[in-house]
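This is input.txt (compact mmCIF, C-alpha atoms).
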# COMPACT_ATOMS: atom_id res chain seq x y z
CA MET A 1104 13.68 17.48 44.31
CA ALA A 1105 15.67 15.78 47.03
CA GLY A 1106 18.69 15.50 44.74
CA LYS A 1107 19.38 19.17 45.36
CA SER A 1108 20.21 18.51 48.99
CA SER A 1109 23.44 16.68 49.67
CA PHE A 1110 22.16 15.94 53.17
CA ASP A 1111 19.12 14.17 51.70
CA GLN A 1112 21.22 12.30 49.15
CA GLU A 1113 23.54 11.01 51.82
CA ILE A 1114 20.76 10.01 54.21
CA ILE A 1115 18.70 8.27 51.53
CA ARG A 1116 21.70 6.36 50.21
CA ASP A 1117 22.79 5.27 53.71
CA LEU A 1118 19.28 4.27 54.81
CA GLN A 1119 18.92 2.10 51.73
CA LEU A 1120 22.30 0.47 52.26
CA GLY A 1121 21.17 -1.00 55.58
CA GLY A 1122 23.20 -2.31 58.47
CA VAL A 1123 25.55 -0.11 60.48
CA VAL A 1124 25.47 2.65 57.88
CA ARG A 1125 21.68 2.81 58.10
CA GLU A 1126 21.82 2.91 61.86
CA ARG A 1127 24.10 5.98 61.77
CA ALA A 1128 21.92 7.70 59.18
CA GLU A 1129 18.83 7.10 61.29
CA TYR A 1130 20.35 8.90 64.28
CA LYS A 1131 21.56 11.73 62.06
CA LEU A 1132 18.12 12.23 60.50
CA TYR A 1133 16.32 11.93 63.83
CA ARG A 1134 18.51 14.60 65.45
CA ALA A 1135 18.36 16.95 62.45
CA TYR A 1136 14.69 17.82 62.83
CA MET A 1137 14.03 17.36 66.54
CA TYR A 1138 13.23 21.05 66.63
CA PHE A 1139 9.92 20.26 64.89
CA VAL A 1140 8.68 19.35 68.35
CA ARG A 1141 9.29 22.87 69.65
CA GLU A 1142 7.69 24.33 66.52
CA ARG A 1143 4.65 22.04 66.50
CA PRO A 1144 1.25 23.54 65.65
CA ARG A 1145 -0.06 24.94 68.94
CA LYS A 1146 -3.68 24.51 67.97
CA TYR A 1147 -3.48 20.79 68.73
CA ARG A 1148 -2.48 21.47 72.36
CA LEU A 1149 -0.14 18.51 72.66
CA SER A 1150 2.16 18.05 75.62
CA ASP A 1151 5.91 17.82 75.01
CA GLU A 1152 5.80 14.05 75.52
CA GLU A 1153 2.93 13.64 73.06
CA ALA A 1154 4.73 15.77 70.49
CA GLN A 1155 7.96 13.79 70.95
CA ASP A 1156 5.99 10.61 70.46
CA ALA A 1157 4.39 11.99 67.29
CA TYR A 1158 7.83 13.00 66.02
CA THR A 1159 9.26 9.53 66.63
CA GLU A 1160 6.26 7.94 64.91
CA ALA A 1161 6.67 10.25 61.93
CA PHE A 1162 10.39 9.61 61.76
CA LEU A 1163 9.88 5.83 61.78
CA ALA A 1164 7.33 6.13 58.98
CA VAL A 1165 9.74 8.22 56.90
CA THR A 1166 12.68 5.86 57.31
CA ASP A 1167 10.39 2.96 56.44
CA HIS A 1168 9.25 4.75 53.28
CA VAL A 1169 12.82 5.55 52.25
CA VAL A 1170 13.95 1.96 52.77
CA THR A 1171 11.02 0.44 50.89
CA GLY A 1172 11.20 3.01 48.10
CA ARG A 1173 7.79 4.52 48.84
CA PHE A 1174 9.50 7.87 49.29
CA ARG A 1175 10.28 8.86 45.72
CA GLY A 1176 12.28 11.97 46.45
CA GLU A 1177 9.59 14.27 45.09
CA SER A 1178 10.06 16.53 48.10
CA LEU A 1179 12.84 17.19 50.59
CA LEU A 1180 13.07 14.73 53.45
CA LYS A 1181 12.45 17.63 55.79
CA THR A 1182 9.19 18.55 54.04
CA TYR A 1183 8.08 14.94 53.96
CA LEU A 1184 8.86 14.39 57.64
CA SER A 1185 7.18 17.64 58.56
CA ARG A 1186 3.98 16.64 56.74
CA ILE A 1187 3.81 13.24 58.39
CA PHE A 1188 4.64 14.80 61.78
CA ARG A 1189 1.72 17.18 61.36
CA ASN A 1190 -0.59 14.25 60.55
CA LYS A 1191 0.61 12.41 63.65
CA CYS A 1192 -0.11 15.53 65.73
CA VAL A 1193 -3.65 15.56 64.28
CA ASP A 1194 -4.03 11.87 65.19
CA GLN A 1195 -2.92 12.57 68.75
CA HIS A 1196 -5.24 15.57 68.96
CA ARG A 1197 -8.17 13.43 67.84
CA LYS A 1198 -7.24 10.81 70.39
CA ASN A 1199 -7.15 13.46 73.13
CA THR A 1200 -10.43 15.05 72.17
CA THR A 1201 -12.46 11.91 71.60
CA ARG A 1202 -11.02 10.30 74.75
CA LYS A 1203 -11.16 6.96 72.98
CA VAL A 1204 -8.01 4.91 72.75
CA ASN A 1205 -8.15 2.22 70.19
CA TRP A 1206 -5.86 -0.70 70.94
CA VAL A 1207 -4.53 -0.51 67.41
CA ASP A 1208 -2.99 2.84 68.32
CA GLU A 1209 -0.48 0.86 70.30
CA PHE A 1210 0.75 -0.55 67.02
CA PRO A 1211 2.68 2.40 65.69
CA GLU A 1212 3.76 0.66 62.52
CA LEU A 1213 0.34 0.99 60.99
CA PRO A 1214 -0.69 3.96 58.92
CA ASP A 1215 -4.09 5.36 59.93
CA ASP A 1216 -6.14 3.87 57.18
CA SER A 1217 -4.81 0.36 57.49
CA ARG A 1218 -5.60 0.11 61.19
CA ASP A 1219 -9.09 -1.21 60.68
CA PHE A 1220 -7.78 -3.66 58.17
CA MET A 1221 -5.12 -4.93 60.55
CA ARG A 1222 -7.67 -5.26 63.31
CA GLN A 1223 -9.39 -7.89 61.19
CA LEU A 1224 -6.19 -9.84 60.78
CA ILE A 1225 -4.56 -9.55 64.14
CA GLY A 1226 -6.63 -9.25 67.27
CA LYS A 1227 -5.53 -7.56 70.46
CA GLU A 1228 -4.71 -10.91 71.99
CA ASP A 1229 -2.50 -11.77 69.05
CA LEU A 1230 -0.65 -8.49 69.46
CA GLU A 1231 0.08 -9.30 73.06
CA LYS A 1232 1.09 -12.82 72.06
CA ILE A 1233 3.54 -11.43 69.54
CA ARG A 1234 5.14 -9.33 72.27
CA ARG A 1235 5.29 -12.35 74.57
CA GLN A 1236 6.76 -14.60 71.88
CA MET A 1237 9.49 -12.08 71.12
CA GLU A 1238 10.23 -11.89 74.85
CA GLN A 1239 10.41 -15.68 75.07
CA LEU A 1240 12.97 -15.79 72.28
CA GLY A 1241 15.61 -14.37 74.59
CA ASP A 1242 17.75 -11.25 74.22
CA ARG A 1243 20.34 -12.73 71.90
CA CYS A 1244 17.96 -14.28 69.37
CA ARG A 1245 15.77 -11.20 69.42
CA GLU A 1246 18.72 -8.87 68.81
CA LEU A 1247 19.94 -11.10 65.99
CA LEU A 1248 16.56 -11.09 64.23
CA TRP A 1249 16.27 -7.33 64.67
CA LEU A 1250 19.70 -6.78 63.13
CA ALA A 1251 18.83 -9.02 60.18
CA ALA A 1252 15.55 -7.14 59.70
CA GLN A 1253 17.57 -3.91 59.47
CA ALA A 1254 19.63 -5.38 56.61
CA PHE A 1255 22.78 -5.93 58.66
CA SER A 1256 24.97 -8.28 56.64
CA PRO A 1257 25.93 -11.63 58.22
CA GLY A 1258 29.45 -10.20 58.63
CA GLU A 1259 28.18 -7.13 60.50
CA ILE A 1260 25.97 -9.33 62.68
CA ALA A 1261 28.92 -11.61 63.45
CA GLU A 1262 31.07 -8.62 64.41
CA ARG A 1263 28.45 -6.99 66.60
CA MET A 1264 27.30 -10.17 68.31
CA GLY A 1265 30.63 -11.93 68.59
CA PHE A 1266 30.10 -14.85 66.20
CA LYS A 1267 33.30 -16.31 64.82
CA THR A 1268 32.16 -16.30 61.20
CA SER A 1269 29.44 -14.72 59.14
CA ARG A 1270 28.28 -18.22 58.25
CA SER A 1271 27.58 -19.07 61.88
CA ALA A 1272 25.67 -15.78 62.26
CA SER A 1273 23.63 -16.70 59.23
CA SER A 1274 22.82 -20.18 60.42
CA GLN A 1275 21.99 -18.88 63.92
CA ARG A 1276 19.54 -16.47 62.32
CA TYR A 1277 17.62 -19.35 60.71
CA LYS A 1278 17.58 -21.25 64.00
CA CYS A 1279 16.15 -18.23 65.80
CA LEU A 1280 13.57 -17.74 63.07
CA GLU A 1281 12.55 -21.39 63.41
CA ARG A 1282 12.26 -20.96 67.20
CA LEU A 1283 10.01 -17.96 66.73
CA LYS A 1284 7.82 -19.85 64.27
CA THR A 1285 7.54 -22.74 66.71
CA LEU A 1286 6.50 -20.33 69.48
CA ILE A 1287 3.90 -18.79 67.18
CA SER A 1288 2.48 -22.14 66.11
CA LYS A 1289 2.35 -23.37 69.74
CA GLU A 1290 0.33 -20.31 70.71
CA LYS A 1291 -2.08 -20.95 67.90
CA GLN A 1292 -2.87 -24.47 69.08
CA PRO A 1293 -6.10 -24.60 71.07
CA MET B 936 23.29 -23.51 53.12
CA SER B 937 20.82 -26.35 53.75
CA SER B 938 17.80 -26.84 51.49
CA SER B 939 15.45 -25.61 54.24
CA GLU B 940 17.57 -22.48 54.65
CA GLU B 941 17.43 -21.99 50.90
CA MET B 942 13.65 -22.25 51.00
CA LEU B 943 13.47 -19.72 53.84
CA ALA B 944 15.76 -17.40 51.88
CA LEU B 945 13.45 -17.74 48.86
CA ILE B 946 10.39 -16.91 51.00
CA ASP B 947 12.33 -13.97 52.48
CA ARG B 948 12.93 -12.62 49.01
CA TYR B 949 9.29 -13.14 48.04
CA LEU B 950 7.94 -11.36 51.11
CA SER B 951 10.34 -8.45 50.68
CA GLY B 952 9.40 -8.10 47.01
CA LYS B 953 12.88 -8.89 45.75
CA LEU B 954 11.93 -11.76 43.45
CA PRO B 955 11.97 -10.92 39.73
CA GLU B 956 8.58 -11.10 37.99
CA ALA B 957 9.07 -14.56 36.45
CA GLU B 958 10.39 -16.11 39.67
CA ARG B 959 7.62 -14.50 41.66
CA ALA B 960 4.94 -15.92 39.37
CA ALA B 961 6.56 -19.36 39.51
CA PHE B 962 6.75 -19.18 43.30
CA GLU B 963 3.10 -18.20 43.59
CA ALA B 964 2.14 -21.10 41.34
CA ARG B 965 4.09 -23.44 43.65
CA VAL B 966 2.35 -22.00 46.70
CA ALA B 967 -1.06 -22.52 45.12
CA ALA B 968 -0.25 -26.16 44.41
CA ASP B 969 1.63 -27.07 47.56
CA SER B 970 -0.21 -26.74 50.87
CA GLU B 971 2.98 -27.39 52.88
CA LEU B 972 4.75 -24.54 51.16
CA ALA B 973 1.68 -22.36 51.65
CA ALA B 974 1.75 -23.11 55.39
CA LEU B 975 5.47 -22.31 55.45
CA LEU B 976 4.82 -19.00 53.71
CA SER B 977 2.05 -18.18 56.16
CA SER B 978 4.15 -18.92 59.26
CA GLN B 979 7.15 -17.04 57.85
CA ALA B 980 4.96 -14.01 57.04
CA LEU B 981 3.65 -13.98 60.61
CA ALA B 982 7.17 -14.35 62.07
CA GLU B 983 8.50 -11.52 59.87
CA TYR B 984 5.57 -9.41 60.96
CA ALA B 985 6.31 -10.15 64.64
CA ILE B 986 9.97 -9.20 64.15
CA ARG B 987 9.12 -5.95 62.36
CA ALA B 988 6.48 -4.98 64.92
CA SER B 989 8.74 -5.64 67.91
CA LEU B 990 11.71 -3.98 66.21
CA ARG B 991 9.64 -0.90 65.67
CA GLU B 992 8.71 -0.74 69.33
CA GLU B 993 12.36 -1.21 70.30
CA LYS B 994 13.49 1.54 67.90
CA LYS B 995 10.85 3.83 69.31
CA ARG B 996 12.22 3.26 72.80
CA ARG B 997 15.78 3.92 71.64
CA PHE B 998 14.97 7.12 69.79
CA GLU B 999 12.75 8.47 72.52
CA ALA B 1000 15.65 8.02 74.93
CA LEU B 1001 17.46 10.71 72.93
CA TRP B 1002 15.09 13.29 74.37
CA GLN B 1003 16.47 12.55 77.82
CA GLU B 1004 19.95 13.51 76.58
CA GLU B 1005 18.78 16.96 75.51
CA ASP B 1006 18.75 19.71 78.15
CA THR B 1007 16.10 21.60 76.27
CA THR B 1008 13.99 20.89 73.23
CA PRO B 1009 16.24 21.57 70.22
CA VAL B 1010 15.82 24.83 68.40
CA ARG B 1011 15.89 25.18 64.65
CA PRO B 1012 19.49 26.05 63.69
CA LEU B 1013 18.44 29.13 61.75
CA LEU B 1014 16.83 30.71 64.81
CA ARG B 1015 20.14 32.24 65.82
CA TYR B 1016 19.36 34.68 63.03
CA ARG B 1017 16.01 35.37 64.58
CA PRO B 1018 16.04 39.21 64.32
CA TYR B 1019 16.66 39.07 60.56
CA LEU B 1020 14.06 36.38 60.18
CA VAL B 1021 11.49 38.40 62.07
CA ALA B 1022 12.14 41.40 59.81
CA ALA B 1023 11.87 39.23 56.70
CA VAL B 1024 8.66 37.66 57.96
CA VAL B 1025 7.11 41.08 58.60
CA VAL B 1026 7.95 42.18 55.05
CA LEU B 1027 6.57 38.94 53.68
CA LEU B 1028 3.37 39.25 55.68
CA VAL B 1029 2.80 42.76 54.41
CA ALA B 1030 3.36 41.58 50.85
CA LEU B 1031 1.00 38.63 51.31
CA SER B 1032 -1.67 40.83 52.86
CA LEU B 1033 -1.43 43.16 49.89
CA LEU B 1034 -1.79 40.25 47.51
CA PHE B 1035 -4.78 39.03 49.45
CA TRP B 1036 -6.54 42.38 49.44
CA LEU B 1037 -5.80 42.82 45.79
CA GLY B 1038 -8.20 39.99 45.15
CA ARG B 1039 -6.35 36.72 45.41
CA THR B 1040 -8.95 33.96 45.47
CA GLU B 1041 -8.97 31.54 48.37
CA GLN B 1042 -10.36 28.73 46.30
CA TRP B 1043 -8.28 25.59 46.13
CA GLU B 1044 -7.82 23.72 42.94
CA ALA B 1045 -7.86 19.93 43.16
CA GLY B 1046 -4.45 19.80 41.51
CA GLU B 1047 -3.03 22.09 44.19
CA LYS B 1048 -4.26 20.27 47.28
CA MET B 1049 -4.58 16.70 46.01
CA PRO B 1050 -0.90 15.72 46.19
CA ALA B 1051 -0.92 16.22 49.96
CA TYR B 1052 -3.92 13.93 50.41
CA LEU B 1053 -2.70 11.37 47.94
CA ALA B 1054 0.68 11.23 49.65
CA GLU B 1055 -1.25 9.64 52.48
CA VAL B 1056 -2.48 6.96 50.08
CA SER B 1057 1.12 6.00 49.41
CA SER B 1058 1.68 5.49 53.11
CA MET B 1059 -1.06 2.91 53.21
CA SER B 1060 -0.17 -0.66 53.31
CA SER B 1061 -2.26 -3.78 52.93
CA ARG B 1062 -0.62 -6.41 55.04
CA ALA B 1063 -0.51 -9.92 53.74
CA SER B 1064 -0.99 -12.25 56.61
CA THR B 1065 -3.79 -14.66 57.26
CA GLY B 1066 -2.64 -15.88 60.63
CA ARG B 1067 -3.67 -19.37 59.67
CA ASP B 1068 -1.75 -22.59 59.46
CA SER B 1069 -2.64 -23.28 55.88
CA LEU B 1070 -3.59 -21.14 52.98
CA THR B 1071 -6.43 -21.61 50.58
CA ARG B 1072 -6.15 -20.61 46.95
CA LEU B 1073 -8.04 -17.40 47.74
CA ASP B 1074 -5.67 -16.59 50.61
CA SER B 1075 -2.76 -16.99 48.21
CA LEU B 1076 -4.46 -14.70 45.71
CA TRP B 1077 -5.00 -12.10 48.44
CA ILE B 1078 -1.37 -12.35 49.61
CA GLY B 1079 -0.20 -11.90 46.00
CA SER B 1080 -2.42 -8.83 45.53
CA ALA B 1081 -1.49 -7.33 48.90
CA ASN B 1082 2.21 -7.84 48.21
CA ALA B 1083 1.81 -6.20 44.81
CA PHE B 1084 0.01 -3.26 46.45
CA ASN B 1085 2.70 -2.91 49.12
CA GLN B 1086 5.37 -2.99 46.43
CA GLU B 1087 3.45 -0.34 44.49
CA ASP B 1088 2.93 -2.61 41.51
CA PHE B 1089 -0.60 -1.29 41.19
CA GLU B 1090 -1.32 -2.86 37.80
CA ARG B 1091 -0.71 -6.31 39.28
CA ALA B 1092 -2.56 -5.41 42.49
CA VAL B 1093 -5.61 -4.37 40.48
CA ARG B 1094 -5.55 -7.58 38.44
CA GLY B 1095 -5.39 -9.69 41.62
CA LEU B 1096 -8.04 -7.70 43.46
CA GLU B 1097 -10.39 -7.74 40.47
CA SER B 1098 -10.02 -11.53 40.21
CA LEU B 1099 -10.77 -11.85 43.91
CA GLN B 1100 -14.00 -9.97 43.34
CA GLN B 1101 -14.96 -12.38 40.58
CA GLU B 1102 -14.96 -15.26 43.05
CA PRO B 1103 -18.59 -16.18 43.72
CA GLU B 1104 -18.01 -16.64 47.45
CA LEU B 1105 -16.20 -13.34 47.78
CA GLN B 1106 -18.35 -10.97 45.75
CA ASN B 1107 -18.37 -7.44 47.13
CA LEU B 1108 -15.51 -8.19 49.52
CA PRO B 1109 -15.08 -4.67 50.97
CA LYS B 1110 -11.35 -4.82 51.53
CA ALA B 1111 -10.71 -5.97 47.95
CA SER B 1112 -12.87 -3.16 46.54
CA PHE B 1113 -11.27 -0.58 48.85
CA PHE B 1114 -7.69 -1.48 47.96
CA ALA B 1115 -8.65 -1.79 44.27
CA GLY B 1116 -9.98 1.79 44.47
CA LEU B 1117 -6.73 2.98 46.02
CA ALA B 1118 -4.70 1.14 43.40
CA TYR B 1119 -6.73 2.79 40.60
CA LEU B 1120 -6.18 6.20 42.23
CA HIS B 1121 -2.45 5.55 42.29
CA LEU B 1122 -2.48 4.50 38.64
CA TYR B 1123 -4.29 7.70 37.72
CA GLU B 1124 -1.78 9.80 39.65
CA GLN B 1125 1.06 8.04 37.87
CA ASP B 1126 -0.51 8.80 34.51
CA PRO B 1127 -3.18 11.52 34.71
CA GLY B 1128 -3.91 10.99 31.01
CA GLN B 1129 -5.82 7.85 31.93
CA SER B 1130 -9.00 9.42 33.25
CA GLU B 1131 -10.68 6.02 32.98
CA ARG B 1132 -8.69 5.04 36.08
CA LEU B 1133 -10.47 7.71 38.10
CA ARG B 1134 -13.85 6.33 37.12
CA GLN B 1135 -12.69 2.80 37.94
CA ALA B 1136 -11.54 4.08 41.35
CA GLN B 1137 -14.94 5.69 41.92
CA SER B 1138 -16.72 2.52 40.90
CA ALA B 1139 -14.57 0.42 43.27
CA PHE B 1140 -15.15 2.75 46.25
CA GLN B 1141 -18.89 2.81 45.50
CA LYS B 1142 -19.00 -0.97 45.89
CA VAL B 1143 -17.92 -0.69 49.53
CA SER B 1144 -20.88 -0.61 51.87
CA PRO B 1145 -20.85 2.53 54.06
CA LEU B 1146 -21.54 0.25 57.01
CA SER B 1147 -18.49 -1.94 56.43
CA THR B 1148 -15.12 -1.43 58.13
CA TYR B 1149 -13.91 0.33 55.00
CA GLY B 1150 -17.00 2.51 54.62
CA PRO B 1151 -15.60 5.78 56.07
CA GLN B 1152 -12.27 5.46 54.22
CA SER B 1153 -14.03 4.64 50.95
CA THR B 1154 -16.30 7.68 51.26
CA TRP B 1155 -13.25 9.90 51.82
CA TYR B 1156 -11.30 8.59 48.85
CA LEU B 1157 -14.42 8.56 46.67
CA SER B 1158 -14.80 12.28 47.41
CA LEU B 1159 -11.16 12.85 46.42
CA ALA B 1160 -11.65 10.92 43.19
CA TYR B 1161 -14.70 13.07 42.34
CA TRP B 1162 -12.78 16.22 43.16
CA ARG B 1163 -9.85 15.12 41.03
CA GLU B 1164 -12.22 14.65 38.11
CA GLY B 1165 -13.70 18.10 38.64
CA LYS B 1166 -17.03 16.83 39.97
CA LEU B 1167 -17.06 19.34 42.81
CA GLU B 1168 -20.78 19.02 43.43
CA LYS B 1169 -20.56 15.29 44.09
CA ALA B 1170 -17.43 15.71 46.18
CA SER B 1171 -19.06 18.47 48.24
CA ALA B 1172 -22.09 16.30 48.95
CA LEU B 1173 -19.80 13.66 50.46
CA TRP B 1174 -17.78 16.25 52.41
CA GLN B 1175 -21.02 17.63 53.89
CA GLU B 1176 -21.96 14.11 54.92
CA MET B 1177 -18.54 13.59 56.59
CA ALA B 1178 -18.44 17.05 58.16
CA ALA B 1179 -21.80 16.38 59.81
CA LYS B 1180 -20.45 13.30 61.58
CA PRO B 1181 -18.35 14.25 64.63
CA ASP B 1182 -16.85 10.78 64.77
CA HIS B 1183 -15.84 10.61 61.10
CA TYR B 1184 -12.08 10.25 60.86
CA ARG B 1185 -11.88 12.96 58.18
CA GLN B 1186 -14.37 15.39 59.66
CA LEU B 1187 -11.79 18.18 60.05
CA GLU B 1188 -10.47 17.80 56.50
CA ALA B 1189 -13.99 17.63 55.06
CA GLN B 1190 -14.92 20.90 56.80
CA GLU B 1191 -11.73 22.52 55.60
CA LEU B 1192 -12.32 21.43 52.02
CA LEU B 1193 -15.91 22.68 52.10
CA GLU B 1194 -14.76 26.09 53.31
CA HIS B 1195 -12.06 26.46 50.70
CA THR B 1196 -13.63 25.01 47.59
CA GLN B 1197 -16.97 26.77 47.63
CA PRO B 1198 -17.32 29.54 45.06
Conversion result in structure tokens:
Amino acid sequence: MAGKSSFDQEIIRDLQLGGVVRERAEYKLYRAYMYFVRERPRKYRLSDEEAQDAYTEAFLAVTDHVVTGRFRGESLLKTYLSRIFRNKCVDQHRKNTTRKVNWVDEFPELPDDSRDFMRQLIGKEDLEKIRRQMEQLGDRCRELLWLAAQAFSPGEIAERMGFKTSRSASSQRYKCLERLKTLISKEKQP
Amino acid sequence: MSSSEEMLALIDRYLSGKLPEAERAAFEARVAADSELAALLSSQALAEYAIRASLREEKKRRFEALWQEEDTTPVRPLLRYRPYLVAAVVVLLVALSLLFWLGRTEQWEAGEKMPAYLAEVSSMSSRASTGRDSLTRLDSLWIGSANAFNQEDFERAVRGLESLQQEPELQNLPKASFFAGLAYLHLYEQDPGQSERLRQAQSAFQKVSPLSTYGPQSTWYLSLAYWREGKLEKASALWQEMAAKPDHYRQLEAQELLEHTQP
């Protein structure tokens, strides 16, 4: 049980709190198990870069599961991360051996089994459009929306981005969201 | 806060699963009756998806930059005690070899191996986005079921997915059957006393055509459901089928299971 490890307790609590505290916890967790890359299963014959990529993918999945509550603390974070890392190594090995690269692989958010499902919903063109739309938003709006998505409070956003009040950060967030929706709907028009 | 901001905040809470049951049901009823609100929900879901997807890419870039700061790949902290560890490992290996030669069976029990496979089920996510400007009643029903699945409210997900399958125009919708099967598997794992759930999972996976997008996944989880119920013969037949297909996404696991579960 994760409750036995004070490291796990602290990381889980901080990740779930969001904002600046989550950001710090993410770096702490990421650094704690970077050595997995050195100790990766050799049978998959991954390069260092591929193994680092698999580790980052696994780490992002773990933090996502902690934040959304999918990680129930039935194992240590280290065990959980190690298991997902191994699966990511297998994925990469399959990709290397079959020499087929599916475009959905570029979308690291998706767990293996939902990739086909997502392909039905969002085509490759849409994926590229999403990237373009986020680019078009501009650095400031994009950063603001990213901070909000990481549960930064309006106060934290105001402090980091130099807004005078948390209220103005909040209202700017809605404006940026509206801009993004407009960009999306424009793209969808024939 | 303006009324439009309030509405966006309400949709935010719905999409992130933070609405209490009663408010959620009331909101879904409003969506079903109000096409403008349904369009708003659809566009907000797509925008949230775009933000999450791009944020993930950005985070990946930031974390991967940490590798540039390291002179060498980090070593496990305990490795400074390597000589002691090596000695301990040698002793352990000798002990394990003895155990093995004294007749320890290599057979795996479903209860021993299943949690690892089913942990992967919990990492699955059915995304609720139609990418359309307006939502039909069926789209709303799918979004409700997918949200319930993502929030691990499997009872509600199953109810929604089963109703979707009752729709005459959507009978045998593979994705609904596939996610219903997964939801039943989850429900069984939460309460293994309900063996009926396993059979419902099997029945849902069987409805998915092997030729559909969900065919290979359904075959894999059907085999796990059989194995969990102790129907090793049926599970093995499916593993043989998967192991014989070099392009099956679970070929390696199927081979491994065949090797370790045979008497």
Mind giving me the straight-line distance from atom CA of Ile1287 of chain A to atom CA of Asp947 of chain B in Å, one decimal?
17.6 Å
Could you name the residues that touch segment 1084-1096 of chain B at 10 Å or less, counting all atoms listed in the file, but leaving out those on the same chain fewer than 4 positions away, as a ChimeraX atom specification?
/A:1171-1173 /B:950-953,1057-1063,1076-1080,1100-1101,1108,1110-1122
How far is it from atom CA of Tyr1123 of chain B to atom CA of Leu1184 of chain A, in Å with one decimal?
24.8 Å
Close residues, Arg1245 of chain A itself excluded, 10 Å, all atoms listed in the file, min 2 positions apart in chain, as a PyMOL selection string
(chain A and resi 1236-1243+1247-1251+1276+1279-1280+1283) or (chain B and resi 986+989-990)
Keeping only C-alpha atoms, write those residues as a short mmCIF file (atom, residue, chain, number, x, y, z; two decimals), in the frame of the given file.
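Output contents, as saved in again.cif:
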data_model
loop_
_atom_site.label_atom_id
_atom_site.label_comp_id
_atom_site.auth_asym_id
_atom_site.auth_seq_id
_atom_site.Cartn_x
_atom_site.Cartn_y
_atom_site.Cartn_z
CA GLN A 1236 6.76 -14.60 71.88
CA MET A 1237 9.49 -12.08 71.12
CA GLU A 1238 10.23 -11.89 74.85
CA GLN A 1239 10.41 -15.68 75.07
CA LEU A 1240 12.97 -15.79 72.28
CA GLY A 1241 15.61 -14.37 74.59
CA ASP A 1242 17.75 -11.25 74.22
CA ARG A 1243 20.34 -12.73 71.90
CA LEU A 1247 19.94 -11.10 65.99
CA LEU A 1248 16.56 -11.09 64.23
CA TRP A 1249 16.27 -7.33 64.67
CA LEU A 1250 19.70 -6.78 63.13
CA ALA A 1251 18.83 -9.02 60.18
CA ARG A 1276 19.54 -16.47 62.32
CA CYS A 1279 16.15 -18.23 65.80
CA LEU A 1280 13.57 -17.74 63.07
CA LEU A 1283 10.01 -17.96 66.73
CA ILE B 986 9.97 -9.20 64.15
CA SER B 989 8.74 -5.64 67.91
CA LEU B 990 11.71 -3.98 66.21
#
Interatomic distance between atom CA of Tyr1133 of chain A and atom CA of Glu1246 of chain A?
21.5 Å
Kindly indicate which residue among B:Leu981, B:Ala964, B:Leu976, B:Ala1000 lies nearest to Tyr949 of chain B, using only C-alpha atoms for the distances.
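Using only C-alpha atoms, the shortest distance to Tyr949 of chain B belongs to B:Leu976.
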Contacts of Lys1181 of chain A within 12 Å, all atoms listed in the file, excl. fewer than 3 positions in-chain, as a list in words
Met1104, Ala1105, Ser1108, Phe1110, Asp1111, Ile1114, Leu1132, Tyr1133, Arg1134, Ala1135, Tyr1136, Met1137, Tyr1138, Phe1139, Ala1161, Phe1162, Val1165, Thr1166, Gly1176, Glu1177, Ser1178, Leu1184, Ser1185, Arg1186, Ile1187 and Phe1188 of chain A
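Nearest to Gln1152 of chain B of all the residues B:Met1177, B:Leu1133, B:Ala1023, B:Ala960 is B:Met1177, based on only C-alpha atoms.
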Among listed residues A:Ala1254, A:Leu1118, A:Val1124, A:Ala1261, nearest chain B (using all atoms listed in the file)
A:Ala1254
Which one of A:Arg1141, A:Arg1127, A:Lys1191, A:Arg1263 sits closest to chain B if you count all atoms listed in the file?
A:Arg1141
